[in-house]
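Asks: Data file model16.cif (mmCIF, C-alpha atoms and all ligand atoms) is appended below.
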data_run
loop_
_atom_site.label_atom_id
_atom_site.label_comp_id
_atom_site.auth_asym_id
_atom_site.auth_seq_id
_atom_site.Cartn_x
_atom_site.Cartn_y
_atom_site.Cartn_z
CA MET A 692 141.49 4.65 99.92
CA LYS A 693 140.99 6.19 96.52
CA GLY A 694 143.42 6.08 93.62
CA GLU A 695 147.10 6.52 93.22
CA ILE A 696 149.05 9.70 92.66
CA ARG A 697 151.11 9.64 89.47
CA GLY A 698 151.57 13.30 88.61
CA PHE A 699 153.24 15.86 90.88
CA ILE A 700 152.81 19.51 89.96
CA PHE A 701 154.90 22.19 91.62
CA ASP A 702 154.26 25.90 91.71
CA LEU A 703 157.51 27.86 91.38
CA ASP A 704 157.49 31.13 93.33
CA GLY A 705 157.29 30.35 97.04
CA VAL A 706 157.47 26.55 96.58
CA ILE A 707 160.74 25.92 94.74
CA VAL A 708 162.34 29.32 95.24
CA ASP A 709 161.78 32.19 97.63
CA THR A 710 161.16 34.75 94.90
CA ALA A 711 158.00 36.20 96.47
CA LYS A 712 160.26 38.70 98.27
CA TYR A 713 161.80 39.83 94.95
CA HIS A 714 158.39 40.25 93.34
CA TYR A 715 157.35 42.28 96.37
CA GLN A 716 160.46 44.49 96.34
CA SER A 717 159.99 45.23 92.63
CA TRP A 718 156.33 46.14 93.09
CA VAL A 719 157.21 48.41 96.03
CA ARG A 720 159.74 50.16 93.78
CA LEU A 721 157.19 50.54 91.00
CA ALA A 722 154.43 51.78 93.31
CA LYS A 723 156.86 54.41 94.61
CA THR A 724 157.04 55.91 91.10
CA PHE A 725 153.44 57.06 91.54
CA GLY A 726 153.82 57.91 95.21
CA TYR A 727 152.14 54.84 96.67
CA HIS A 728 153.49 52.70 99.48
CA PHE A 729 152.62 49.08 98.68
CA ARG A 730 152.31 47.36 102.04
CA LYS A 731 153.57 43.90 102.89
CA GLN A 732 150.17 42.82 104.20
CA ASP A 733 148.64 43.42 100.75
CA ASN A 734 151.25 41.23 99.05
CA GLU A 735 149.46 37.93 99.78
CA ALA A 736 146.80 38.86 97.20
CA LEU A 737 149.46 38.96 94.47
CA LYS A 738 150.69 35.41 94.98
CA GLY A 739 149.86 33.14 92.05
CA VAL A 740 148.45 36.06 90.10
CA SER A 741 149.84 37.19 86.72
CA ARG A 742 152.07 40.24 86.37
CA MET A 743 149.35 42.38 84.79
CA GLN A 744 146.70 41.31 87.31
CA SER A 745 149.17 42.11 90.11
CA LEU A 746 149.65 45.63 88.75
CA GLU A 747 145.90 46.08 88.47
CA ILE A 748 145.45 45.08 92.12
CA ILE A 749 148.09 47.63 93.19
CA LEU A 750 146.60 50.40 91.05
CA ARG A 751 143.18 49.68 92.54
CA LEU A 752 144.60 49.82 96.08
CA ALA A 753 146.34 53.10 95.25
CA GLY A 754 143.20 54.53 93.64
CA GLU A 755 145.13 55.10 90.39
CA LYS A 756 144.04 54.59 86.78
CA ARG A 757 146.33 53.97 83.81
CA SER A 758 145.80 53.22 80.11
CA ALA A 759 146.54 49.76 78.70
CA ALA A 760 149.72 51.11 77.06
CA GLU A 761 150.92 52.68 80.32
CA LYS A 762 150.25 49.46 82.19
CA GLU A 763 152.36 47.52 79.67
CA ILE A 764 155.25 49.91 80.29
CA MET A 765 154.84 49.61 84.05
CA CYS A 766 154.86 45.80 83.89
CA ALA A 767 157.97 45.85 81.71
CA GLN A 768 159.71 48.15 84.20
CA LYS A 769 158.73 45.96 87.16
CA ASN A 770 160.00 42.91 85.33
CA GLU A 771 163.32 44.59 84.53
CA TRP A 772 163.84 45.32 88.22
CA TYR A 773 162.68 41.83 89.17
CA ARG A 774 165.13 40.25 86.72
CA GLU A 775 167.97 42.28 88.22
CA LEU A 776 167.12 40.74 91.59
CA ILE A 777 166.92 37.14 90.34
CA GLN A 778 169.95 37.19 88.08
CA GLY A 779 172.34 36.21 90.84
CA MET A 780 170.34 33.14 91.88
CA THR A 781 172.14 29.82 91.97
CA LYS A 782 171.24 26.27 92.97
CA ASP A 783 171.64 27.35 96.60
CA ASN A 784 168.52 29.46 96.21
CA ALA A 785 166.25 26.43 95.85
CA LEU A 786 164.18 26.18 99.02
CA PRO A 787 165.49 23.60 101.53
CA GLY A 788 164.81 20.01 100.60
CA VAL A 789 162.79 20.61 97.43
CA ASN A 790 165.48 19.45 95.00
CA ARG A 791 166.02 16.24 96.99
CA PHE A 792 162.25 15.66 97.31
CA ILE A 793 161.71 15.93 93.54
CA ARG A 794 164.67 13.70 92.72
CA ASN A 795 163.22 11.17 95.12
CA LEU A 796 159.89 11.20 93.31
CA ARG A 797 161.64 10.71 89.98
CA ARG A 798 163.38 7.66 91.36
CA ARG A 799 159.90 6.28 92.05
CA ASN A 800 158.97 6.89 88.40
CA LYS A 801 156.58 9.70 89.24
CA LYS A 802 155.86 12.36 86.62
CA ILE A 803 156.87 15.91 87.53
CA ALA A 804 155.51 19.19 86.15
CA LEU A 805 155.80 22.87 86.87
CA GLY A 806 152.54 24.82 87.09
CA SER A 807 153.39 28.49 87.47
CA ALA A 808 151.95 31.85 86.47
CA SER A 809 155.44 33.26 85.95
CA LYS A 810 156.91 34.11 82.56
CA ASN A 811 160.35 33.93 84.17
CA ALA A 812 159.95 30.30 85.19
CA ARG A 813 162.36 28.73 82.71
CA THR A 814 165.05 31.33 83.44
CA ILE A 815 164.80 30.64 87.16
CA LEU A 816 164.76 26.84 86.79
CA LYS A 817 167.86 27.03 84.62
CA GLN A 818 169.64 29.29 87.11
CA ILE A 819 168.96 27.00 90.05
CA LYS A 820 169.90 23.97 87.91
CA MET A 821 166.58 22.18 88.28
CA ILE A 822 165.04 22.47 84.82
CA HIS A 823 166.07 18.91 83.88
CA LEU A 824 163.96 17.50 86.75
CA PHE A 825 160.68 18.46 85.04
CA ASP A 826 158.85 16.28 82.51
CA ALA A 827 156.64 19.25 81.61
CA ILE A 828 156.65 22.98 82.21
CA VAL A 829 153.46 25.03 82.06
CA ASP A 830 154.07 28.67 82.91
CA GLY A 831 152.86 32.22 82.29
CA THR A 832 153.75 31.91 78.60
CA ASN A 833 151.32 28.99 78.04
CA ILE A 834 148.20 30.11 79.87
CA SER A 835 145.49 32.69 79.31
CA LYS A 836 143.82 32.56 82.71
CA GLY A 837 145.64 32.98 86.03
CA LYS A 838 145.03 31.13 89.28
CA PRO A 839 142.44 30.56 90.81
CA ASP A 840 141.43 29.36 87.34
CA PRO A 841 142.52 25.69 87.03
CA GLU A 842 143.90 26.13 83.47
CA VAL A 843 147.58 25.93 84.43
CA PHE A 844 147.16 22.67 86.36
CA ILE A 845 144.85 21.04 83.82
CA LYS A 846 147.41 21.79 81.10
CA ALA A 847 150.20 20.39 83.28
CA ALA A 848 148.27 17.13 83.83
CA LYS A 849 147.63 16.87 80.09
CA ALA A 850 151.30 17.44 79.33
CA LEU A 851 152.20 14.66 81.78
CA LYS A 852 149.48 12.41 80.31
CA VAL A 853 148.11 11.85 83.80
CA LYS A 854 144.45 12.17 84.83
CA THR A 855 143.69 15.31 86.88
CA GLU A 856 142.41 13.19 89.78
CA GLU A 857 145.79 11.43 89.89
CA CYS A 858 147.70 14.69 90.37
CA LEU A 859 148.99 16.38 93.49
CA VAL A 860 149.78 20.10 93.51
CA PHE A 861 152.24 21.88 95.82
CA GLU A 862 151.27 25.52 96.29
CA ASP A 863 152.11 28.45 98.56
CA ALA A 864 149.22 30.67 97.42
CA GLU A 865 145.62 30.55 98.53
CA LYS A 866 144.56 31.15 94.91
CA GLY A 867 146.81 28.29 93.83
CA ILE A 868 145.13 25.84 96.22
CA GLU A 869 141.77 27.04 94.93
CA ALA A 870 142.91 26.45 91.33
CA ALA A 871 144.20 22.94 92.09
CA LYS A 872 140.98 22.00 93.87
CA ALA A 873 138.96 23.32 90.94
CA ALA A 874 141.03 20.98 88.75
CA GLY A 875 140.04 18.06 91.03
CA MET A 876 143.57 17.49 92.29
CA TYR A 877 145.08 16.65 95.64
CA THR A 878 146.74 19.64 97.32
CA VAL A 879 149.66 20.33 99.63
CA GLY A 880 150.01 23.86 100.95
CA VAL A 881 153.58 25.01 101.50
CA GLY A 882 153.67 27.70 104.16
CA ASP A 883 151.21 29.17 106.60
CA ARG A 884 148.41 26.91 107.82
CA LYS A 885 146.17 29.91 108.52
CA ILE A 886 146.30 30.95 104.87
CA LEU A 887 146.40 27.49 103.27
CA HIS A 888 143.80 25.71 105.43
CA GLU A 889 141.81 24.56 102.37
CA ALA A 890 144.69 22.26 101.32
CA ASP A 891 144.56 18.50 102.00
CA LEU A 892 147.81 18.88 103.93
CA VAL A 893 150.01 21.84 104.91
CA ILE A 894 153.78 21.60 105.27
CA SER A 895 156.16 24.35 106.37
CA THR A 896 159.17 23.04 104.43
CA PHE A 897 160.36 20.17 102.21
CA ASN A 898 163.25 19.63 104.60
CA GLN A 899 163.20 16.02 105.86
CA LEU A 900 159.97 15.43 103.92
CA THR A 901 159.51 12.10 102.15
CA TRP A 902 156.70 10.98 99.87
CA ARG A 903 156.24 7.94 102.07
CA SER A 904 155.64 10.15 105.15
CA ILE A 905 152.81 12.17 103.59
CA LYS A 906 151.30 9.79 101.04
CA SER A 907 148.76 8.11 103.32
CA LYS A 908 147.63 11.43 104.82
CA ILE A 909 146.97 12.88 101.40
CA LEU A 910 145.18 9.87 99.97
CA ALA A 911 143.08 9.61 103.13
CA SER A 912 141.92 13.21 102.65
CA LYS A 913 139.79 12.08 99.72
CA GLN A 914 138.53 8.90 101.30
CA ASP A 915 134.88 8.20 100.58
CA PRO A 916 132.74 8.93 103.63
C1 LIG A 1001 153.57 33.89 90.26
C2 LIG A 1001 153.84 34.77 91.46
O1 LIG A 1001 154.24 32.68 90.41
O2 LIG A 1001 154.03 34.53 89.06
C3 LIG A 1001 153.23 36.14 91.24
O3 LIG A 1001 153.28 34.18 92.61
C4 LIG A 1001 153.76 36.73 89.94
O4 LIG A 1001 153.52 36.97 92.34
C5 LIG A 1001 153.46 35.79 88.80
O5 LIG A 1001 153.14 38.00 89.69
C6 LIG A 1001 153.97 36.30 87.46
O6 LIG A 1001 155.37 36.30 87.47
P1 LIG A 1001 156.28 36.95 86.37
O7 LIG A 1001 157.65 36.40 86.68
O8 LIG A 1001 155.78 36.52 85.03
O9 LIG A 1001 156.19 38.42 86.54
MG MG A 1002 153.63 30.66 94.44
#
Show this structure as structure tokens.
Replies:
Amino acid sequence: MKGEIRGFIFDLDGVIVDTAKYHYQSWVRLAKTFGYHFRKQDNEALKGVSRMQSLEIILRLAGEKRSAAEKEIMCAQKNEWYRELIQGMTKDNALPGVNRFIRNLRRRNKKIALGSASKNARTILKQIKMIHLFDAIVDGTNISKGKPDPEVFIKAAKALKVKTEECLVFEDAEKGIEAAKAAGMYTVGVGDRKILHEADLVISTFNQLTWRSIKSKILASKQDP
């Protein structure tokens, strides 16, 4: 078996909190302003992608063109609506088992980072009372390239002072798994196996999950042939 895993990097939206639905609702509302119905099945492509890139995907789907200044205004509007939806979040909005799982890792002296494309990450972590569990936070305010570029995860490993090959990433987005693999990290997909099949392991929830129960499966995934 190869190496040890010392750094654990968590995506936020869809891994720690179920905010993907709020992002989606806000984009639907924005798309309505120019008469477009943004369909649920197209939402997967927005996961892990920055706010501006998300808007550009929707505009392309709608066959619409906007100037850079107009796009800035649209993103600001979407974010205002999104923030209205997340403002009532409390610690009960953390996805089942994730808080316990992270606290467990900390007890084992593991290093914990957030690796998210969201500029709202710190606000959300504070609201759900989990911000103190992270040794490092790399989010949409620290990166210039979105997933599937590995920048966010490489920066998170650096901030933790852990080698990239000693990191494990938890991700709900296909582009996030791609980014983590490009960074040379171990990967756990959180969600649908059909979408996340490139991950070393796929889990549906953190409920009942222990590091001990998945450790050997993950390390074995990179075993030399
Ligand atoms: C990612 C989400 O975590 O953050 C994307 O998966 C979202 O859907 C992106 O667009 C940016 O989020 P925010 O909060 O900065 O608009
Ligand atoms: Mg996500």
Asks: Select the residues contacting ligand MG 1002 (chain A) at a distance of at most 10 Å, based on all atoms listed in the file, then format the selection as an mmCIF file with C-alpha atoms, in the coordinates of the input.
Replies:
data_model
loop_
_atom_site.group_PDB
_atom_site.id
_atom_site.type_symbol
_atom_site.label_atom_id
_atom_site.label_comp_id
_atom_site.auth_asym_id
_atom_site.auth_seq_id
_atom_site.Cartn_x
_atom_site.Cartn_y
_atom_site.Cartn_z
ATOM 1 C CA PHE A 701 154.900 22.190 91.620
ATOM 2 C CA ASP A 702 154.260 25.900 91.710
ATOM 3 C CA LEU A 703 157.510 27.860 91.380
ATOM 4 C CA ASP A 704 157.490 31.130 93.330
ATOM 5 C CA GLY A 705 157.290 30.350 97.040
ATOM 6 C CA VAL A 706 157.470 26.550 96.580
ATOM 7 C CA ILE A 707 160.740 25.920 94.740
ATOM 8 C CA VAL A 708 162.340 29.320 95.240
ATOM 9 C CA ASP A 709 161.780 32.190 97.630
ATOM 10 C CA THR A 710 161.160 34.750 94.900
ATOM 11 C CA ALA A 711 158.000 36.200 96.470
ATOM 12 C CA GLU A 735 149.460 37.930 99.780
ATOM 13 C CA LEU A 737 149.460 38.960 94.470
ATOM 14 C CA LYS A 738 150.690 35.410 94.980
ATOM 15 C CA GLY A 739 149.860 33.140 92.050
ATOM 16 C CA VAL A 740 148.450 36.060 90.100
ATOM 17 C CA GLY A 806 152.540 24.820 87.090
ATOM 18 C CA SER A 807 153.390 28.490 87.470
ATOM 19 C CA ALA A 808 151.950 31.850 86.470
ATOM 20 C CA SER A 809 155.440 33.260 85.950
ATOM 21 C CA PHE A 861 152.240 21.880 95.820
ATOM 22 C CA GLU A 862 151.270 25.520 96.290
ATOM 23 C CA ASP A 863 152.110 28.450 98.560
ATOM 24 C CA ALA A 864 149.220 30.670 97.420
ATOM 25 C CA GLU A 865 145.620 30.550 98.530
ATOM 26 C CA LYS A 866 144.560 31.150 94.910
ATOM 27 C CA GLY A 867 146.810 28.290 93.830
ATOM 28 C CA ILE A 868 145.130 25.840 96.220
ATOM 29 C CA VAL A 881 153.580 25.010 101.500
#
Asks: Compare A:Gly882, A:Gly754, A:Gly831, A:Gly698 by their minimum atom-to-atom distance to ligand LIG 1001 (chain A), counting all atoms listed in the file, and give me the closest one.
Replies: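 Checking each of A:Gly882, A:Gly754, A:Gly831, A:Gly698 against ligand LIG 1001 (chain A), counting all atoms listed in the file, the winner is A:Gly831.
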Asks: So, with all atoms listed in the file as the atoms that count, which of A:Arg757, A:His714, A:Lys782, A:Lys885 lies closest to ligand LIG 1001 (chain A)?
Replies: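 Once distances to ligand LIG 1001 (chain A) are computed over all atoms listed in the file, the minimum belongs to A:His714.
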Asks: Identify, on the basis of only C-alpha atoms, every residue whose closest approach to Arg791 (chain A) does not exceed 10 Å; exclude the query and any residue fewer than 3 positions from it along the same chain; express the result as a ChimeraX atom specification.
Replies: /A:787-788,794-797,897-901
Asks: Would you export the selected residues with C-alpha atoms as a PDB file, keeping the file's coordinate frame, please?
Replies:
ATOM      1  CA  PRO A 787     165.490  23.600 101.530  1.00  0.00           C
ATOM      2  CA  GLY A 788     164.810  20.010 100.600  1.00  0.00           C
ATOM      3  CA  ARG A 794     164.670  13.700  92.720  1.00  0.00           C
ATOM      4  CA  ASN A 795     163.220  11.170  95.120  1.00  0.00           C
ATOM      5  CA  LEU A 796     159.890  11.200  93.310  1.00  0.00           C
ATOM      6  CA  ARG A 797     161.640  10.710  89.980  1.00  0.00           C
ATOM      7  CA  PHE A 897     160.360  20.170 102.210  1.00  0.00           C
ATOM      8  CA  ASN A 898     163.250  19.630 104.600  1.00  0.00           C
ATOM      9  CA  GLN A 899     163.200  16.020 105.860  1.00  0.00           C
ATOM     10  CA  LEU A 900     159.970  15.430 103.920  1.00  0.00           C
ATOM     11  CA  THR A 901     159.510  12.100 102.150  1.00  0.00           C
TER      12      THR A 901
END
Asks: When you count only C-alpha atoms and all ligand atoms, which of these residues is closest to ligand LIG 1001 (chain A): A:Met876, A:Ile803, A:Val719, A:Cys766?
Replies: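 Closest residue, counting only C-alpha atoms and all ligand atoms: A:Cys766.
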Asks: Could you tell me how far atom O2 of ligand LIG 1001 (chain A) sits from CA of Gln716 (chain A), in Å to one decimal place?
Replies: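 Straight-line distance from CA of Gln716 (chain A) to atom O2 of ligand LIG 1001 (chain A) works out to 13.9 Å.
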Asks: Can you take the partial region 754-765 of chain A, add N, CA, C and O atoms, and return it as an mmCIF file, in the frame of the given file?
Replies:
data_model
loop_
_atom_site.group_PDB
_atom_site.id
_atom_site.type_symbol
_atom_site.label_atom_id
_atom_site.label_comp_id
_atom_site.auth_asym_id
_atom_site.auth_seq_id
_atom_site.Cartn_x
_atom_site.Cartn_y
_atom_site.Cartn_z
ATOM 1 N N GLY A 754 144.207 53.623 94.200
ATOM 2 C CA GLY A 754 143.200 54.530 93.640
ATOM 3 C C GLY A 754 143.699 55.222 92.385
ATOM 4 O O GLY A 754 143.340 56.359 92.094
ATOM 5 N N GLU A 755 144.550 54.513 91.618
ATOM 6 C CA GLU A 755 145.130 55.100 90.390
ATOM 7 C C GLU A 755 144.538 54.426 89.155
ATOM 8 O O GLU A 755 144.163 53.249 89.202
ATOM 9 N N LYS A 756 144.498 55.152 88.056
ATOM 10 C CA LYS A 756 144.040 54.590 86.780
ATOM 11 C C LYS A 756 145.120 54.824 85.720
ATOM 12 O O LYS A 756 145.724 55.879 85.693
ATOM 13 N N ARG A 757 145.357 53.829 84.885
ATOM 14 C CA ARG A 757 146.330 53.970 83.810
ATOM 15 C C ARG A 757 145.780 53.334 82.534
ATOM 16 O O ARG A 757 144.971 52.405 82.596
ATOM 17 N N SER A 758 146.240 53.805 81.386
ATOM 18 C CA SER A 758 145.800 53.220 80.110
ATOM 19 C C SER A 758 146.475 51.866 79.931
ATOM 20 O O SER A 758 147.471 51.558 80.613
ATOM 21 N N ALA A 759 145.959 51.088 78.966
ATOM 22 C CA ALA A 759 146.540 49.760 78.700
ATOM 23 C C ALA A 759 148.016 49.905 78.323
ATOM 24 O O ALA A 759 148.863 49.122 78.780
ATOM 25 N N ALA A 760 148.328 50.912 77.507
ATOM 26 C CA ALA A 760 149.720 51.110 77.060
ATOM 27 C C ALA A 760 150.616 51.462 78.259
ATOM 28 O O ALA A 760 151.738 50.942 78.376
ATOM 29 N N GLU A 761 150.120 52.310 79.135
ATOM 30 C CA GLU A 761 150.920 52.680 80.320
ATOM 31 C C GLU A 761 151.147 51.473 81.220
ATOM 32 O O GLU A 761 152.233 51.294 81.782
ATOM 33 N N LYS A 762 150.119 50.646 81.334
ATOM 34 C CA LYS A 762 150.250 49.460 82.190
ATOM 35 C C LYS A 762 151.296 48.484 81.634
ATOM 36 O O LYS A 762 152.048 47.870 82.383
ATOM 37 N N GLU A 763 151.342 48.381 80.301
ATOM 38 C CA GLU A 763 152.360 47.520 79.670
ATOM 39 C C GLU A 763 153.761 48.013 80.039
ATOM 40 O O GLU A 763 154.649 47.224 80.373
ATOM 41 N N ILE A 764 153.932 49.329 79.973
ATOM 42 C CA ILE A 764 155.250 49.910 80.290
ATOM 43 C C ILE A 764 155.598 49.668 81.754
ATOM 44 O O ILE A 764 156.728 49.298 82.096
ATOM 45 N N MET A 765 154.600 49.815 82.615
ATOM 46 C CA MET A 765 154.840 49.610 84.050
ATOM 47 C C MET A 765 155.228 48.154 84.331
ATOM 48 O O MET A 765 156.136 47.878 85.125
#
